[in-house]
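To be precise, the following lines are entry-v5.pdb, and they hold PDB, C-alpha atoms.
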ATOM      1  CA  MET N1054     -48.547 101.183 127.769
ATOM      2  CA  LYS N1055     -46.186 102.854 130.186
ATOM      3  CA  VAL N1056     -46.823 102.480 133.910
ATOM      4  CA  ILE N1057     -45.551 105.378 136.035
ATOM      5  CA  LEU N1058     -44.745 104.354 139.597
ATOM      6  CA  SER N1059     -45.094 106.480 142.703
ATOM      7  CA  PRO N1060     -41.874 107.815 144.251
ATOM      8  CA  THR N1061     -42.289 105.403 147.177
ATOM      9  CA  CYS N1062     -42.418 102.344 144.882
ATOM     10  CA  LYS N1063     -39.101 101.250 143.371
ATOM     11  CA  SER N1064     -40.390  98.328 141.322
ATOM     12  CA  LEU N1065     -43.620  96.669 140.253
ATOM     13  CA  THR N1066     -43.378  93.690 137.929
ATOM     14  CA  GLY N1067     -45.482  90.649 137.195
ATOM     15  CA  SER N1068     -49.171  89.981 136.922
ATOM     16  CA  LEU N1069     -51.853  92.219 138.403
ATOM     17  CA  GLY N1070     -54.229  89.278 138.585
ATOM     18  CA  ARG N1071     -55.526  86.237 136.779
ATOM     19  CA  GLY N1072     -57.342  86.458 133.480
ATOM     20  CA  PHE N1073     -55.807  89.585 131.980
ATOM     21  CA  GLY N1074     -53.166  87.946 129.815
ATOM     22  CA  TYR N1075     -50.907  90.953 130.415
ATOM     23  CA  PHE N1076     -48.203  91.699 132.946
ATOM     24  CA  ILE N1077     -45.811  94.506 133.888
ATOM     25  CA  VAL N1078     -42.112  94.359 132.976
ATOM     26  CA  ARG N1079     -39.202  96.653 133.687
ATOM     27  CA  ARG N1080     -37.232  98.047 130.771
ATOM     28  CA  LYS N1081     -34.388 100.584 130.611
ATOM     29  CA  ASN N1082     -36.772 103.512 130.310
ATOM     30  CA  GLY N1083     -39.487 102.461 132.771
ATOM     31  CA  PHE N1084     -42.232  99.931 133.403
ATOM     32  CA  PHE N1085     -44.553  98.696 130.657
ATOM     33  CA  GLY N1086     -47.553  96.435 130.180
ATOM     34  CA  VAL N1087     -46.732  93.427 127.977
ATOM     35  CA  ARG N1088     -48.955  90.787 126.373
ATOM     36  CA  SER N1089     -48.482  87.218 127.571
ATOM     37  CA  ARG N1090     -47.581  84.480 125.110
ATOM     38  CA  HIS N1091     -50.331  82.345 126.608
ATOM     39  CA  ASN N1092     -54.089  82.597 126.301
ATOM     40  CA  VAL N1093     -55.355  86.193 126.382
ATOM     41  CA  PRO N1094     -59.118  86.761 126.630
ATOM     42  CA  PRO N1095     -60.663  89.192 124.105
ATOM     43  CA  ASP N1096     -61.252  91.834 126.771
ATOM     44  CA  GLY N1097     -58.028  91.127 128.692
ATOM     45  CA  HIS N1098     -56.080  94.074 127.309
ATOM     46  CA  TRP N1099     -58.873  96.551 128.081
ATOM     47  CA  ARG N1100     -59.353  95.129 131.594
ATOM     48  CA  PHE N1101     -55.584  95.344 132.223
ATOM     49  CA  ILE N1102     -55.535  99.004 131.115
ATOM     50  CA  LEU N1103     -58.537  99.724 133.333
ATOM     51  CA  ALA N1104     -56.943  97.928 136.311
ATOM     52  CA  CYS N1105     -53.772 100.024 135.927
ATOM     53  CA  ALA N1106     -55.882 103.195 135.705
ATOM     54  CA  GLU N1107     -57.753 102.203 138.872
ATOM     55  CA  LEU N1108     -54.412 101.597 140.638
ATOM     56  CA  ALA N1109     -53.256 105.042 139.526
ATOM     57  CA  LYS N1110     -56.463 106.560 140.884
ATOM     58  CA  MET N1111     -55.539 105.186 144.344
ATOM     59  CA  LYS N1112     -52.002 106.683 144.042
ATOM     60  CA  LEU N1113     -50.502 103.889 146.148
ATOM     61  CA  HIS N1114     -48.016 102.128 143.845
ATOM     62  CA  VAL N1115     -48.901 103.582 140.454
ATOM     63  CA  THR N1116     -49.340 107.318 139.948
ATOM     64  CA  ASP N1117     -50.311 107.307 136.278
ATOM     65  CA  ILE N1118     -50.262 105.441 132.993
ATOM     66  CA  GLU N1119     -49.496 106.599 129.483
ATOM     67  CA  ILE N1120     -51.003 104.807 126.500
ATOM     68  CA  HIS N1121     -50.944 105.689 122.802
ATOM     69  CA  TRP N1122     -54.336 106.058 121.157
ATOM     70  CA  MET N1123     -53.680 103.185 118.730
ATOM     71  CA  GLU N1124     -53.028 100.686 121.527
ATOM     72  CA  LEU N1125     -56.120 101.873 123.402
ATOM     73  CA  SER N1126     -58.219 101.720 120.246
ATOM     74  CA  ASP N1127     -57.051  98.161 119.553
ATOM     75  CA  ALA N1128     -57.827  97.086 123.129
ATOM     76  CA  LEU N1129     -61.332  98.546 122.945
ATOM     77  CA  TYR N1130     -61.964  96.908 119.573
ATOM     78  CA  GLU N1131     -60.774  93.496 120.817
ATOM     79  CA  ALA N1132     -63.094  93.855 123.822
ATOM     80  CA  GLY N1133     -66.067  94.661 121.574
ATOM     81  CA  LYS N1134     -66.359  98.252 122.818
ATOM     82  CA  PHE N1135     -66.939  99.637 119.333
ATOM     83  CA  THR N1136     -68.446 103.043 120.179
ATOM     84  CA  ALA N1137     -65.566 103.960 122.483
ATOM     85  CA  ASN N1138     -63.119 102.548 119.925
ATOM     86  CA  ARG N1139     -64.527 104.821 117.193
ATOM     87  CA  GLN N1140     -64.217 107.876 119.435
ATOM     88  CA  VAL N1141     -60.610 107.130 120.429
ATOM     89  CA  ARG N1142     -59.692 106.346 116.806
ATOM     90  CA  SER N1143     -61.296 109.513 115.428
ATOM     91  CA  ASN N1144     -59.578 111.677 118.070
ATOM     92  CA  GLY N1145     -56.237 110.014 117.322
ATOM     93  CA  VAL N1146     -56.480 110.298 113.536
ATOM     94  CA  ALA N1147     -57.502 113.956 113.830
ATOM     95  CA  GLY N1148     -54.577 114.616 116.192
ATOM     96  CA  ILE N1149     -56.910 115.786 118.956
ATOM     97  CA  LYS N1150     -55.797 113.218 121.548
ATOM     98  CA  LEU N1151     -52.672 111.135 120.889
ATOM     99  CA  THR N1152     -51.982 109.738 124.372
ATOM    100  CA  TYR N1153     -54.259 108.862 127.246
ATOM    101  CA  ASN N1154     -53.564 108.825 130.977
ATOM    102  CA  ALA N1155     -55.318 107.132 133.907
ATOM    103  CA  ALA N1156     -57.875 109.926 134.341
ATOM    104  CA  ASP N1157     -58.732 109.705 130.634
ATOM    105  CA  ILE N1158     -59.282 105.937 130.934
ATOM    106  CA  ILE N1159     -61.587 106.366 133.946
ATOM    107  CA  ASN N1160     -63.433 109.090 132.019
ATOM    108  CA  LEU N1161     -63.861 106.740 129.026
ATOM    109  CA  LYS N1162     -65.209 104.053 131.327
ATOM    110  CA  ILE N1163     -67.803 106.449 132.779
ATOM    111  CA  THR N1164     -68.699 108.189 129.501
ATOM    112  CA  PHE N1165     -69.279 104.980 127.529
ATOM    113  CA  SER N1166     -70.476 102.829 130.476
ATOM    114  CA  LEU N1167     -67.669 100.320 129.928
TER
END
What does this structure look like when you write it as structure tokens?
Amino acid sequence: MKVILSPTCKSLTGSLGRGFGYFIVRRKNGFFGVRSRHNVPPDGHWRFILACAELAKMKLHVTDIEIHWMELSDALYEAGKFTANRQVRSNGVAGIKLTYNAADIINLKITFSL
């Protein structure tokens, strides 16, 4: 997942909080969410994606995120959110929606009561 920073924020790396099992790293082409080598809870990936989307909604440090449908589908499946997973997977396979942004993630949360 790519994390797009606001113009006023030069860098944002490290953990967003305890219990996610994911953190943000800087690479040549931007900032990305990365899985920890340590213990990751089953819903950690989904909660990390949601936390980044919520940060983007506030527009303080993060303006948006970009996540491929396969990564999102996997995160939802791991978290046991099977109905939302099926919808994301079917849209991705059909080519309807290949990438998701922060607004899409918030919409998924509301639509499927996640």
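For the structure shown here, the set of residues caught by the PyMOL selection byres ((chain N and resi 1113) around 10) is Leu1058, Ser1059, Pro1060, Thr1061, Cys1062, Leu1108, Ala1109, Lys1110, Met1111, Lys1112, His1114, Val1115 and Thr1116 of chain N.
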Could those selected residues go to a file with C-alpha atoms, as a CSV table (one decimal), in the coordinates of the input?
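Below you can see part.csv, which holds the result:
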chain,number,residue,atom,x,y,z
N,1058,LEU,CA,-44.7,104.4,139.6
N,1059,SER,CA,-45.1,106.5,142.7
N,1060,PRO,CA,-41.9,107.8,144.3
N,1061,THR,CA,-42.3,105.4,147.2
N,1062,CYS,CA,-42.4,102.3,144.9
N,1108,LEU,CA,-54.4,101.6,140.6
N,1109,ALA,CA,-53.3,105.0,139.5
N,1110,LYS,CA,-56.5,106.6,140.9
N,1111,MET,CA,-55.5,105.2,144.3
N,1112,LYS,CA,-52.0,106.7,144.0
N,1114,HIS,CA,-48.0,102.1,143.8
N,1115,VAL,CA,-48.9,103.6,140.5
N,1116,THR,CA,-49.3,107.3,139.9
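The space between atom CA of His1091 of chain N and atom CA of Tyr1075 of chain N spans 9.4 Å.
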Which one is closest to Asn1144 of chain N: N:Met1123, N:Cys1105, N:Leu1167, N:Val1093? Count only C-alpha atoms.
N:Met1123
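Ranking N:Ser1089, N:Ser1166, N:Thr1152, N:Ser1143 by their shortest atom-to-atom distance to Leu1125 of chain N, with only C-alpha atoms included, puts N:Thr1152 first.
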Might you pull out every residue within 12 Å of Arg1090 of chain N, with all atoms listed in the file counted and same-chain residues fewer than 5 positions away left off, and present them as a CSV table (one decimal) with C-alpha atoms, in the frame of the given file?
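Generated output (result.csv):
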chain,number,residue,atom,x,y,z
N,1073,PHE,CA,-55.8,89.6,132.0
N,1074,GLY,CA,-53.2,87.9,129.8
N,1075,TYR,CA,-50.9,91.0,130.4
N,1076,PHE,CA,-48.2,91.7,132.9
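In this structure, atom CA of His1098 of chain N sits 7.8 Å away from atom CA of Ala1132 of chain N.
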Atom-to-atom span, atom CA of Ile1149 of chain N and atom CA of Arg1080 of chain N, Å:
29.0 Å
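Taking all atoms listed in the file into account, Gly1086 of chain N lies nearest to N:Ile1120 out of the set N:Gly1072, N:Ile1120, N:Ser1064, N:Ala1137.
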Using the partial input, fill out segment 1081-1107 of chain N with N, CA, C and O atoms; write the result as a PDB file, in the coordinates of the input.
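Result written to selection.pdb:
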ATOM      1  N   LYS N1081     -35.345  99.496 130.303  1.00  0.00           N
ATOM      2  CA  LYS N1081     -34.388 100.584 130.611  1.00  0.00           C
ATOM      3  C   LYS N1081     -35.081 101.903 130.916  1.00  0.00           C
ATOM      4  O   LYS N1081     -34.662 102.635 131.799  1.00  0.00           O
ATOM      5  N   ASN N1082     -36.132 102.202 130.181  1.00  0.00           N
ATOM      6  CA  ASN N1082     -36.772 103.512 130.310  1.00  0.00           C
ATOM      7  C   ASN N1082     -38.094 103.476 131.079  1.00  0.00           C
ATOM      8  O   ASN N1082     -38.930 104.351 130.920  1.00  0.00           O
ATOM      9  N   GLY N1083     -38.292 102.483 131.926  1.00  0.00           N
ATOM     10  CA  GLY N1083     -39.487 102.461 132.771  1.00  0.00           C
ATOM     11  C   GLY N1083     -40.164 101.112 132.827  1.00  0.00           C
ATOM     12  O   GLY N1083     -39.590 100.075 132.484  1.00  0.00           O
ATOM     13  N   PHE N1084     -41.424 101.130 133.248  1.00  0.00           N
ATOM     14  CA  PHE N1084     -42.232  99.931 133.403  1.00  0.00           C
ATOM     15  C   PHE N1084     -43.345  99.951 132.363  1.00  0.00           C
ATOM     16  O   PHE N1084     -43.964 100.991 132.132  1.00  0.00           O
ATOM     17  N   PHE N1085     -43.605  98.766 131.762  1.00  0.00           N
ATOM     18  CA  PHE N1085     -44.553  98.696 130.657  1.00  0.00           C
ATOM     19  C   PHE N1085     -45.427  97.458 130.772  1.00  0.00           C
ATOM     20  O   PHE N1085     -44.987  96.421 131.268  1.00  0.00           O
ATOM     21  N   GLY N1086     -46.659  97.575 130.277  1.00  0.00           N
ATOM     22  CA  GLY N1086     -47.553  96.435 130.180  1.00  0.00           C
ATOM     23  C   GLY N1086     -47.207  95.641 128.937  1.00  0.00           C
ATOM     24  O   GLY N1086     -47.009  96.209 127.867  1.00  0.00           O
ATOM     25  N   VAL N1087     -47.127  94.308 129.072  1.00  0.00           N
ATOM     26  CA  VAL N1087     -46.732  93.427 127.977  1.00  0.00           C
ATOM     27  C   VAL N1087     -47.726  92.269 127.870  1.00  0.00           C
ATOM     28  O   VAL N1087     -48.153  91.716 128.884  1.00  0.00           O
ATOM     29  N   ARG N1088     -48.035  91.891 126.638  1.00  0.00           N
ATOM     30  CA  ARG N1088     -48.955  90.787 126.373  1.00  0.00           C
ATOM     31  C   ARG N1088     -48.265  89.451 126.652  1.00  0.00           C
ATOM     32  O   ARG N1088     -47.128  89.231 126.267  1.00  0.00           O
ATOM     33  N   SER N1089     -48.979  88.563 127.297  1.00  0.00           N
ATOM     34  CA  SER N1089     -48.482  87.218 127.571  1.00  0.00           C
ATOM     35  C   SER N1089     -48.471  86.391 126.290  1.00  0.00           C
ATOM     36  O   SER N1089     -49.230  86.651 125.369  1.00  0.00           O
ATOM     37  N   ARG N1090     -47.614  85.396 126.249  1.00  0.00           N
ATOM     38  CA  ARG N1090     -47.581  84.480 125.110  1.00  0.00           C
ATOM     39  C   ARG N1090     -48.693  83.438 125.209  1.00  0.00           C
ATOM     40  O   ARG N1090     -48.973  82.729 124.257  1.00  0.00           O
ATOM     41  N   HIS N1091     -49.295  83.343 126.363  1.00  0.00           N
ATOM     42  CA  HIS N1091     -50.331  82.345 126.608  1.00  0.00           C
ATOM     43  C   HIS N1091     -51.703  82.908 126.236  1.00  0.00           C
ATOM     44  O   HIS N1091     -51.819  83.966 125.647  1.00  0.00           O
ATOM     45  N   ASN N1092     -52.724  82.232 126.631  1.00  0.00           N
ATOM     46  CA  ASN N1092     -54.089  82.597 126.301  1.00  0.00           C
ATOM     47  C   ASN N1092     -54.463  83.977 126.867  1.00  0.00           C
ATOM     48  O   ASN N1092     -54.333  84.213 128.064  1.00  0.00           O
ATOM     49  N   VAL N1093     -54.911  84.861 125.984  1.00  0.00           N
ATOM     50  CA  VAL N1093     -55.355  86.193 126.382  1.00  0.00           C
ATOM     51  C   VAL N1093     -56.826  86.325 125.998  1.00  0.00           C
ATOM     52  O   VAL N1093     -57.179  86.182 124.833  1.00  0.00           O
ATOM     53  N   PRO N1094     -57.709  86.603 126.970  1.00  0.00           N
ATOM     54  CA  PRO N1094     -59.118  86.761 126.630  1.00  0.00           C
ATOM     55  C   PRO N1094     -59.339  88.015 125.772  1.00  0.00           C
ATOM     56  O   PRO N1094     -58.532  88.948 125.821  1.00  0.00           O
ATOM     57  N   PRO N1095     -60.419  88.049 124.990  1.00  0.00           N
ATOM     58  CA  PRO N1095     -60.663  89.192 124.105  1.00  0.00           C
ATOM     59  C   PRO N1095     -60.680  90.542 124.817  1.00  0.00           C
ATOM     60  O   PRO N1095     -60.221  91.539 124.278  1.00  0.00           O
ATOM     61  N   ASP N1096     -61.194  90.575 126.036  1.00  0.00           N
ATOM     62  CA  ASP N1096     -61.252  91.834 126.771  1.00  0.00           C
ATOM     63  C   ASP N1096     -60.106  92.001 127.777  1.00  0.00           C
ATOM     64  O   ASP N1096     -60.093  92.943 128.555  1.00  0.00           O
ATOM     65  N   GLY N1097     -59.129  91.099 127.731  1.00  0.00           N
ATOM     66  CA  GLY N1097     -58.028  91.127 128.692  1.00  0.00           C
ATOM     67  C   GLY N1097     -57.195  92.391 128.645  1.00  0.00           C
ATOM     68  O   GLY N1097     -56.831  92.941 129.688  1.00  0.00           O
ATOM     69  N   HIS N1098     -56.900  92.871 127.451  1.00  0.00           N
ATOM     70  CA  HIS N1098     -56.080  94.074 127.309  1.00  0.00           C
ATOM     71  C   HIS N1098     -56.814  95.280 127.903  1.00  0.00           C
ATOM     72  O   HIS N1098     -56.236  96.054 128.669  1.00  0.00           O
ATOM     73  N   TRP N1099     -58.091  95.431 127.553  1.00  0.00           N
ATOM     74  CA  TRP N1099     -58.873  96.551 128.081  1.00  0.00           C
ATOM     75  C   TRP N1099     -58.978  96.470 129.606  1.00  0.00           C
ATOM     76  O   TRP N1099     -58.794  97.460 130.308  1.00  0.00           O
ATOM     77  N   ARG N1100     -59.237  95.272 130.141  1.00  0.00           N
ATOM     78  CA  ARG N1100     -59.353  95.129 131.594  1.00  0.00           C
ATOM     79  C   ARG N1100     -58.030  95.407 132.296  1.00  0.00           C
ATOM     80  O   ARG N1100     -58.009  95.968 133.398  1.00  0.00           O
ATOM     81  N   PHE N1101     -56.905  95.054 131.663  1.00  0.00           N
ATOM     82  CA  PHE N1101     -55.584  95.344 132.223  1.00  0.00           C
ATOM     83  C   PHE N1101     -55.350  96.863 132.254  1.00  0.00           C
ATOM     84  O   PHE N1101     -54.883  97.401 133.258  1.00  0.00           O
ATOM     85  N   ILE N1102     -55.669  97.543 131.174  1.00  0.00           N
ATOM     86  CA  ILE N1102     -55.535  99.004 131.115  1.00  0.00           C
ATOM     87  C   ILE N1102     -56.389  99.641 132.201  1.00  0.00           C
ATOM     88  O   ILE N1102     -55.932 100.525 132.930  1.00  0.00           O
ATOM     89  N   LEU N1103     -57.619  99.188 132.324  1.00  0.00           N
ATOM     90  CA  LEU N1103     -58.537  99.724 133.333  1.00  0.00           C
ATOM     91  C   LEU N1103     -58.023  99.454 134.750  1.00  0.00           C
ATOM     92  O   LEU N1103     -58.095 100.329 135.615  1.00  0.00           O
ATOM     93  N   ALA N1104     -57.487  98.256 134.987  1.00  0.00           N
ATOM     94  CA  ALA N1104     -56.943  97.928 136.311  1.00  0.00           C
ATOM     95  C   ALA N1104     -55.771  98.840 136.659  1.00  0.00           C
ATOM     96  O   ALA N1104     -55.659  99.322 137.797  1.00  0.00           O
ATOM     97  N   CYS N1105     -54.903  99.111 135.691  1.00  0.00           N
ATOM     98  CA  CYS N1105     -53.772 100.024 135.927  1.00  0.00           C
ATOM     99  C   CYS N1105     -54.273 101.444 136.199  1.00  0.00           C
ATOM    100  O   CYS N1105     -53.734 102.140 137.061  1.00  0.00           O
ATOM    101  N   ALA N1106     -55.303 101.865 135.480  1.00  0.00           N
ATOM    102  CA  ALA N1106     -55.882 103.195 135.705  1.00  0.00           C
ATOM    103  C   ALA N1106     -56.499 103.296 137.102  1.00  0.00           C
ATOM    104  O   ALA N1106     -56.352 104.309 137.782  1.00  0.00           O
ATOM    105  N   GLU N1107     -57.166 102.224 137.526  1.00  0.00           N
ATOM    106  CA  GLU N1107     -57.753 102.203 138.872  1.00  0.00           C
ATOM    107  C   GLU N1107     -56.659 102.251 139.938  1.00  0.00           C
ATOM    108  O   GLU N1107     -56.808 102.918 140.968  1.00  0.00           O
TER     109      GLU N1107
END
